[in-house]
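Text of protein.pdb, listed as PDB, C-alpha atoms:
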```pdb
ATOM      1  CA  MET A   1       6.249 134.955-176.237  1.00  0.00           C
ATOM      2  CA  SER A   2       9.033 133.882-178.539  1.00  0.00           C
ATOM      3  CA  ASN A   3      11.085 131.845-176.050  1.00  0.00           C
ATOM      4  CA  ALA A   4       8.260 130.547-173.880  1.00  0.00           C
ATOM      5  CA  GLN A   5       9.669 127.026-174.207  1.00  0.00           C
ATOM      6  CA  ASN A   6      13.279 128.024-173.543  1.00  0.00           C
ATOM      7  CA  ILE A   7      14.007 126.194-170.282  1.00  0.00           C
ATOM      8  CA  MET A   8      17.564 126.780-169.099  1.00  0.00           C
ATOM      9  CA  SER A   9      19.754 125.280-166.415  1.00  0.00           C
ATOM     10  CA  CYS A  10      21.136 127.409-163.599  1.00  0.00           C
ATOM     11  CA  ASP A  11      24.643 127.015-165.054  1.00  0.00           C
ATOM     12  CA  ALA A  12      23.504 128.475-168.379  1.00  0.00           C
ATOM     13  CA  LEU A  13      22.132 131.524-166.554  1.00  0.00           C
ATOM     14  CA  GLN A  14      25.278 132.299-164.586  1.00  0.00           C
ATOM     15  CA  ASP A  15      26.461 135.182-166.794  1.00  0.00           C
ATOM     16  CA  ALA A  16      23.115 136.103-168.350  1.00  0.00           C
ATOM     17  CA  THR A  17      21.394 139.434-167.789  1.00  0.00           C
ATOM     18  CA  PHE A  18      17.694 140.218-168.043  1.00  0.00           C
ATOM     19  CA  ASP A  19      15.549 143.320-167.969  1.00  0.00           C
ATOM     20  CA  TYR A  20      13.095 141.621-165.620  1.00  0.00           C
ATOM     21  CA  VAL A  21      13.431 138.672-163.244  1.00  0.00           C
ATOM     22  CA  ILE A  22      10.185 137.170-161.989  1.00  0.00           C
ATOM     23  CA  CYS A  23      10.388 134.748-159.074  1.00  0.00           C
ATOM     24  CA  GLY A  24       7.598 132.193-159.187  1.00  0.00           C
ATOM     25  CA  GLY A  25       5.920 130.664-162.222  1.00  0.00           C
ATOM     26  CA  GLY A  26       2.467 130.476-160.689  1.00  0.00           C
ATOM     27  CA  THR A  27      -0.580 132.243-162.061  1.00  0.00           C
ATOM     28  CA  ALA A  28       0.598 135.757-161.217  1.00  0.00           C
ATOM     29  CA  GLY A  29       4.203 135.213-162.298  1.00  0.00           C
ATOM     30  CA  CYS A  30       3.160 133.726-165.639  1.00  0.00           C
ATOM     31  CA  VAL A  31       0.708 136.566-166.301  1.00  0.00           C
ATOM     32  CA  ILE A  32       3.340 139.190-165.488  1.00  0.00           C
ATOM     33  CA  ALA A  33       5.901 137.448-167.719  1.00  0.00           C
ATOM     34  CA  SER A  34       3.372 137.231-170.535  1.00  0.00           C
ATOM     35  CA  ARG A  35       2.466 140.914-170.265  1.00  0.00           C
ATOM     36  CA  LEU A  36       6.116 141.963-170.218  1.00  0.00           C
ATOM     37  CA  ALA A  37       6.889 139.694-173.171  1.00  0.00           C
ATOM     38  CA  ALA A  38       4.470 141.761-175.251  1.00  0.00           C
ATOM     39  CA  LEU A  39       6.879 144.702-174.961  1.00  0.00           C
ATOM     40  CA  PRO A  40       9.411 144.859-177.807  1.00  0.00           C
ATOM     41  CA  GLY A  41      13.054 144.146-177.002  1.00  0.00           C
ATOM     42  CA  VAL A  42      12.482 143.057-173.400  1.00  0.00           C
ATOM     43  CA  SER A  43      14.309 140.091-171.877  1.00  0.00           C
ATOM     44  CA  ILE A  44      12.598 138.232-169.061  1.00  0.00           C
ATOM     45  CA  LEU A  45      13.664 135.468-166.712  1.00  0.00           C
ATOM     46  CA  LEU A  46      10.853 133.535-165.063  1.00  0.00           C
ATOM     47  CA  ILE A  47      12.170 131.378-162.215  1.00  0.00           C
ATOM     48  CA  GLU A  48      10.117 128.434-160.971  1.00  0.00           C
ATOM     49  CA  ALA A  49      11.265 125.934-158.326  1.00  0.00           C
ATOM     50  CA  GLY A  50       9.249 123.149-159.890  1.00  0.00           C
ATOM     51  CA  ARG A  51       9.012 121.732-163.350  1.00  0.00           C
ATOM     52  CA  ASP A  52       6.859 122.270-166.411  1.00  0.00           C
ATOM     53  CA  SER A  53       4.052 119.740-165.938  1.00  0.00           C
ATOM     54  CA  GLY A  54       2.013 121.063-168.853  1.00  0.00           C
ATOM     55  CA  VAL A  55       1.910 117.744-170.707  1.00  0.00           C
ATOM     56  CA  LYS A  56       0.873 115.591-167.755  1.00  0.00           C
ATOM     57  CA  PRO A  57      -2.743 114.352-167.851  1.00  0.00           C
ATOM     58  CA  GLU A  58      -3.073 115.151-164.138  1.00  0.00           C
ATOM     59  CA  VAL A  59      -2.651 118.830-165.020  1.00  0.00           C
ATOM     60  CA  LEU A  60      -4.566 118.924-168.305  1.00  0.00           C
ATOM     61  CA  ILE A  61      -7.607 116.834-167.320  1.00  0.00           C
ATOM     62  CA  PRO A  62      -9.542 118.333-164.387  1.00  0.00           C
ATOM     63  CA  GLY A  63     -10.882 115.032-163.056  1.00  0.00           C
ATOM     64  CA  MET A  64      -7.369 113.609-162.740  1.00  0.00           C
ATOM     65  CA  TYR A  65      -6.003 116.286-160.441  1.00  0.00           C
ATOM     66  CA  ILE A  66      -6.573 114.133-157.377  1.00  0.00           C
ATOM     67  CA  ASP A  67      -4.010 111.634-158.748  1.00  0.00           C
ATOM     68  CA  GLN A  68      -1.421 114.400-158.731  1.00  0.00           C
ATOM     69  CA  LEU A  69      -2.289 115.335-155.158  1.00  0.00           C
ATOM     70  CA  ARG A  70      -1.844 111.727-154.057  1.00  0.00           C
ATOM     71  CA  ASN A  71       1.101 110.598-156.130  1.00  0.00           C
ATOM     72  CA  ASP A  72       3.226 113.472-157.399  1.00  0.00           C
ATOM     73  CA  THR A  73       5.054 114.993-154.455  1.00  0.00           C
ATOM     74  CA  GLU A  74       7.648 116.591-156.772  1.00  0.00           C
ATOM     75  CA  ALA A  75       4.907 118.856-158.136  1.00  0.00           C
ATOM     76  CA  LEU A  76       3.678 119.981-154.718  1.00  0.00           C
ATOM     77  CA  TRP A  77       4.855 121.990-151.766  1.00  0.00           C
ATOM     78  CA  GLU A  78       3.613 120.322-148.582  1.00  0.00           C
ATOM     79  CA  LEU A  79       3.429 123.278-146.223  1.00  0.00           C
ATOM     80  CA  PRO A  80       2.403 122.810-142.596  1.00  0.00           C
ATOM     81  CA  THR A  81      -0.134 125.274-141.266  1.00  0.00           C
ATOM     82  CA  VAL A  82       0.161 126.955-137.911  1.00  0.00           C
ATOM     83  CA  PRO A  83      -1.622 125.072-135.110  1.00  0.00           C
ATOM     84  CA  GLN A  84      -5.388 125.269-135.687  1.00  0.00           C
ATOM     85  CA  LYS A  85      -7.182 126.207-132.481  1.00  0.00           C
ATOM     86  CA  GLU A  86     -10.471 124.738-133.708  1.00  0.00           C
ATOM     87  CA  LEU A  87      -8.729 121.406-134.383  1.00  0.00           C
ATOM     88  CA  ASN A  88      -7.167 120.968-130.939  1.00  0.00           C
ATOM     89  CA  ASP A  89      -4.015 122.752-132.112  1.00  0.00           C
ATOM     90  CA  ARG A  90      -3.311 120.209-134.841  1.00  0.00           C
ATOM     91  CA  LYS A  91      -1.290 121.301-137.839  1.00  0.00           C
ATOM     92  CA  LEU A  92      -2.526 120.473-141.323  1.00  0.00           C
ATOM     93  CA  ILE A  93      -0.640 120.045-144.564  1.00  0.00           C
ATOM     94  CA  PHE A  94      -1.451 122.788-147.060  1.00  0.00           C
ATOM     95  CA  LEU A  95      -0.700 121.578-150.588  1.00  0.00           C
ATOM     96  CA  ARG A  96       0.458 124.215-153.086  1.00  0.00           C
ATOM     97  CA  GLY A  97       1.620 123.743-156.642  1.00  0.00           C
ATOM     98  CA  LYS A  98       5.373 123.505-157.269  1.00  0.00           C
ATOM     99  CA  GLN A  99       5.377 123.687-161.059  1.00  0.00           C
ATOM    100  CA  LEU A 100       4.676 126.104-163.867  1.00  0.00           C
ATOM    101  CA  GLY A 101       1.174 127.329-163.197  1.00  0.00           C
ATOM    102  CA  GLY A 102       1.671 127.079-159.445  1.00  0.00           C
ATOM    103  CA  SER A 103      -1.344 126.035-157.421  1.00  0.00           C
ATOM    104  CA  SER A 104      -3.582 126.666-160.424  1.00  0.00           C
ATOM    105  CA  ALA A 105      -2.068 123.485-161.879  1.00  0.00           C
ATOM    106  CA  VAL A 106      -3.404 121.441-158.952  1.00  0.00           C
ATOM    107  CA  ASN A 107      -6.812 122.968-158.249  1.00  0.00           C
ATOM    108  CA  TYR A 108      -9.147 121.093-160.607  1.00  0.00           C
ATOM    109  CA  MET A 109      -8.947 124.014-163.052  1.00  0.00           C
ATOM    110  CA  ALA A 110     -11.350 125.828-160.748  1.00  0.00           C
ATOM    111  CA  MET A 111     -11.699 129.583-160.719  1.00  0.00           C
ATOM    112  CA  ALA A 112     -13.123 131.294-157.679  1.00  0.00           C
ATOM    113  CA  ARG A 113     -13.426 134.909-156.653  1.00  0.00           C
ATOM    114  CA  GLY A 114     -13.626 136.155-153.142  1.00  0.00           C
ATOM    115  CA  PRO A 115     -16.746 138.015-152.044  1.00  0.00           C
ATOM    116  CA  ALA A 116     -16.964 141.762-152.681  1.00  0.00           C
ATOM    117  CA  ALA A 117     -16.710 142.416-148.935  1.00  0.00           C
ATOM    118  CA  ASP A 118     -13.200 140.889-148.866  1.00  0.00           C
ATOM    119  CA  TYR A 119     -11.905 143.258-151.534  1.00  0.00           C
ATOM    120  CA  ASP A 120     -13.533 146.236-149.831  1.00  0.00           C
ATOM    121  CA  HIS A 121     -11.930 145.159-146.546  1.00  0.00           C
ATOM    122  CA  TRP A 122      -8.489 144.972-148.196  1.00  0.00           C
ATOM    123  CA  ALA A 123      -9.008 148.479-149.552  1.00  0.00           C
ATOM    124  CA  LYS A 124      -9.907 149.747-146.106  1.00  0.00           C
ATOM    125  CA  VAL A 125      -6.995 148.007-144.351  1.00  0.00           C
ATOM    126  CA  THR A 126      -4.416 149.108-146.926  1.00  0.00           C
ATOM    127  CA  GLY A 127      -5.877 152.555-147.528  1.00  0.00           C
ATOM    128  CA  ASP A 128      -5.757 151.749-151.245  1.00  0.00           C
ATOM    129  CA  GLU A 129      -9.062 152.291-153.058  1.00  0.00           C
ATOM    130  CA  SER A 130      -7.837 150.342-156.079  1.00  0.00           C
ATOM    131  CA  TRP A 131      -8.618 147.154-154.095  1.00  0.00           C
ATOM    132  CA  GLU A 132     -12.310 148.048-153.761  1.00  0.00           C
ATOM    133  CA  TRP A 133     -14.626 145.569-155.462  1.00  0.00           C
ATOM    134  CA  LYS A 134     -15.948 148.204-157.854  1.00  0.00           C
ATOM    135  CA  ASN A 135     -12.373 148.803-159.049  1.00  0.00           C
ATOM    136  CA  VAL A 136     -11.209 145.170-159.146  1.00  0.00           C
ATOM    137  CA  LEU A 137     -14.255 143.690-160.890  1.00  0.00           C
ATOM    138  CA  PRO A 138     -13.595 145.405-164.253  1.00  0.00           C
ATOM    139  CA  LEU A 139     -10.040 143.992-164.218  1.00  0.00           C
ATOM    140  CA  MET A 140     -11.337 140.486-163.550  1.00  0.00           C
ATOM    141  CA  LYS A 141     -13.917 140.844-166.307  1.00  0.00           C
ATOM    142  CA  GLU A 142     -11.198 141.964-168.724  1.00  0.00           C
ATOM    143  CA  LEU A 143      -9.491 138.577-168.311  1.00  0.00           C
ATOM    144  CA  GLU A 144     -12.566 136.424-168.860  1.00  0.00           C
ATOM    145  CA  SER A 145     -14.297 134.899-171.827  1.00  0.00           C
ATOM    146  CA  PHE A 146     -17.369 133.653-169.956  1.00  0.00           C
ATOM    147  CA  VAL A 147     -19.583 130.842-171.255  1.00  0.00           C
ATOM    148  CA  PRO A 148     -22.786 131.171-169.195  1.00  0.00           C
ATOM    149  CA  THR A 149     -24.398 127.859-170.171  1.00  0.00           C
ATOM    150  CA  ALA A 150     -25.166 125.572-167.249  1.00  0.00           C
ATOM    151  CA  PRO A 151     -24.372 121.880-167.770  1.00  0.00           C
ATOM    152  CA  PRO A 152     -27.401 119.737-168.712  1.00  0.00           C
ATOM    153  CA  GLY A 153     -29.329 118.748-165.608  1.00  0.00           C
ATOM    154  CA  MET A 154     -27.569 121.362-163.456  1.00  0.00           C
ATOM    155  CA  GLU A 155     -29.752 124.354-164.343  1.00  0.00           C
ATOM    156  CA  LYS A 156     -31.499 124.385-160.950  1.00  0.00           C
ATOM    157  CA  PHE A 157     -28.134 124.441-159.138  1.00  0.00           C
ATOM    158  CA  VAL A 158     -26.203 126.860-161.356  1.00  0.00           C
ATOM    159  CA  THR A 159     -27.341 130.432-161.899  1.00  0.00           C
ATOM    160  CA  PRO A 160     -24.995 132.300-164.234  1.00  0.00           C
ATOM    161  CA  VAL A 161     -24.730 136.050-163.606  1.00  0.00           C
ATOM    162  CA  PRO A 162     -23.516 137.432-166.945  1.00  0.00           C
ATOM    163  CA  ASP A 163     -23.147 141.000-165.616  1.00  0.00           C
ATOM    164  CA  ALA A 164     -20.418 139.774-163.258  1.00  0.00           C
ATOM    165  CA  HIS A 165     -18.279 138.399-166.084  1.00  0.00           C
ATOM    166  CA  GLY A 166     -16.369 139.431-169.175  1.00  0.00           C
ATOM    167  CA  PHE A 167     -16.809 137.847-172.593  1.00  0.00           C
ATOM    168  CA  ASP A 168     -13.763 138.888-174.632  1.00  0.00           C
ATOM    169  CA  GLY A 169     -10.785 138.038-172.416  1.00  0.00           C
ATOM    170  CA  PRO A 170      -8.051 135.445-172.879  1.00  0.00           C
ATOM    171  CA  ILE A 171      -9.211 133.035-170.139  1.00  0.00           C
ATOM    172  CA  ALA A 172     -12.241 130.830-170.803  1.00  0.00           C
ATOM    173  CA  ILE A 173     -14.488 130.650-167.740  1.00  0.00           C
ATOM    174  CA  GLY A 174     -17.597 128.507-167.491  1.00  0.00           C
ATOM    175  CA  PHE A 175     -19.214 125.499-165.922  1.00  0.00           C
ATOM    176  CA  GLY A 176     -17.825 122.062-166.594  1.00  0.00           C
ATOM    177  CA  GLU A 177     -19.917 119.678-168.638  1.00  0.00           C
ATOM    178  CA  ALA A 178     -19.326 116.743-166.331  1.00  0.00           C
ATOM    179  CA  GLY A 179     -19.236 116.393-162.594  1.00  0.00           C
ATOM    180  CA  SER A 180     -16.697 114.587-160.494  1.00  0.00           C
ATOM    181  CA  ASN A 181     -17.012 112.061-157.717  1.00  0.00           C
ATOM    182  CA  VAL A 182     -14.318 113.889-155.761  1.00  0.00           C
ATOM    183  CA  SER A 183     -15.668 115.526-152.645  1.00  0.00           C
TER     184      SER A 183
END
```

Take the structure I supplied and represent it as structure tokens, if you would.
Amino acid sequence: MSNAQNIMSCDALQDATFDYVICGGGTAGCVIASRLAALPGVSILLIEAGRDSGVKPEVLIPGMYIDQLRNDTEALWELPTVPQKELNDRKLIFLRGKQLGGSSAVNYMAMARGPAADYDHWAKVTGDESWEWKNVLPLMKELESFVPTAPPGMEKFVTPVPDAHGFDGPIAIGFGEAGSNVS
């Protein structure tokens, strides 16, 4: 992406035109912008309410993410949940990332997939077979470059399933080498 670092003010954008405008610089928005940027001659505007926190240690070092959750309210949306019946109708604060990378910038660099049954349920509810697990899994695998090695001493707790992962994609996926005291 040739102008990936071109951050502009709202005033500078007033008379600008773009082929594509993407609202939200979270994981999905950044992936869409990146894919579109591969097309020749395309202009793209990626709008993000937050900032670019890509140089902050709290974003780049997984074990430091808790510092961001505690101390960096400018990088977080603090969204109240609806009343939770199981918690005597209390509302909780749901923290989401307000920065380039979205909530992926505040989630300990963790990657998690939902269970196959969830995807199959979405397919059933929407009437769209493309959401079925068997159809979504190849797309997930296409993104991954999986490193199946369990961290030393964790072999009995971690069981890599290589068939469930891709090995040639742009996103490195694996098990961290060090644990964290955060729980």

| request: Using the chain letters and numbers from the file, give me the residues hit by the PyMOL selection byres ((chain A and resi 147) around 8), as a list in words. | output: Ser145, Phe146, Pro148, Thr149, Phe167, Ala172, Ile173, Gly174 and Phe175 of chain A

Same residues, C-alpha atoms, saved as a PDB file, in the coordinates of the input:
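out_9.pdb was written with the following content:
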```pdb
ATOM      1  CA  SER A 145     -14.297 134.899-171.827  1.00  0.00           C
ATOM      2  CA  PHE A 146     -17.369 133.653-169.956  1.00  0.00           C
ATOM      3  CA  PRO A 148     -22.786 131.171-169.195  1.00  0.00           C
ATOM      4  CA  THR A 149     -24.398 127.859-170.171  1.00  0.00           C
ATOM      5  CA  PHE A 167     -16.809 137.847-172.593  1.00  0.00           C
ATOM      6  CA  ALA A 172     -12.241 130.830-170.803  1.00  0.00           C
ATOM      7  CA  ILE A 173     -14.488 130.650-167.740  1.00  0.00           C
ATOM      8  CA  GLY A 174     -17.597 128.507-167.491  1.00  0.00           C
ATOM      9  CA  PHE A 175     -19.214 125.499-165.922  1.00  0.00           C
TER      10      PHE A 175
END
```

Could you work out an axis-aligned box for range 39-55 of chain A, taking every atom the file lists and adding 4 Å on each side, and report centre and edge lengths in Å to one decimal, as JSON?
```
{"center_x": 8.1, "center_y": 131.3, "center_z": -168.1, "size_x": 20.4, "size_y": 35.1, "size_z": 27.5}
```

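Of the residues listed (A:Pro40, A:Gly50, A:Pro57, A:Pro62), A:Gly50 shows the shortest atom-to-atom separation from Ala75 in chain A; distances use all atoms listed in the file.
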
| message | As an exercise, work out the distance from CA of Val21 in chain A to CA of Lys98 in chain A in Å and give it to one decimal place. | response |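 Result for CA of Val21 in chain A versus CA of Lys98 in chain A: 18.2 Å, one decimal.
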
| Contacts of range 79-86 of chain A within 12 Å, all atoms listed in the file, excl. fewer than 4 positions in-chain, as a list in words |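 Non-adjacent residues within range: Thr73, Arg90, Lys91, Leu92, Ile93, Phe94, Leu95, Arg96, Gly97 and Lys98 of chain A.
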
| task | Tell me which residues the PyMOL selection byres ((chain A and resi 42) around 12) grabs here, as a ChimeraX atom specification. | result | /A:1-3,17-21,33-41,43-45

| said: Give me the residues near Leu137 in chain A as a list in words, where near means some atom within 10 Å (using all atoms listed in the file) and where sequence neighbours in that chain fewer than 2 positions away do not count. | reply: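 Contacts, in chain order: Arg113, Ala116, Tyr119, Trp131, Glu132, Trp133, Lys134, Asn135, Leu139, Met140, Lys141, Glu142, Ala164, His165 and Gly166 of chain A.
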
| message | Can you spell out as a PyMOL selection string the set of residues that the PyMOL selection byres ((chain A and resi 160) around 8) selects in the structure I just provided? | response | chain A and resi 148-150+158-159+161-162

| note | Expressed in Å, the length from CA of Ser104 in chain A to CA of Leu69 in chain A is 12.6 Å

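For the pair CA of Glu129 in chain A and CA of Thr27 in chain A, the interatomic distance is 23.6 Å.
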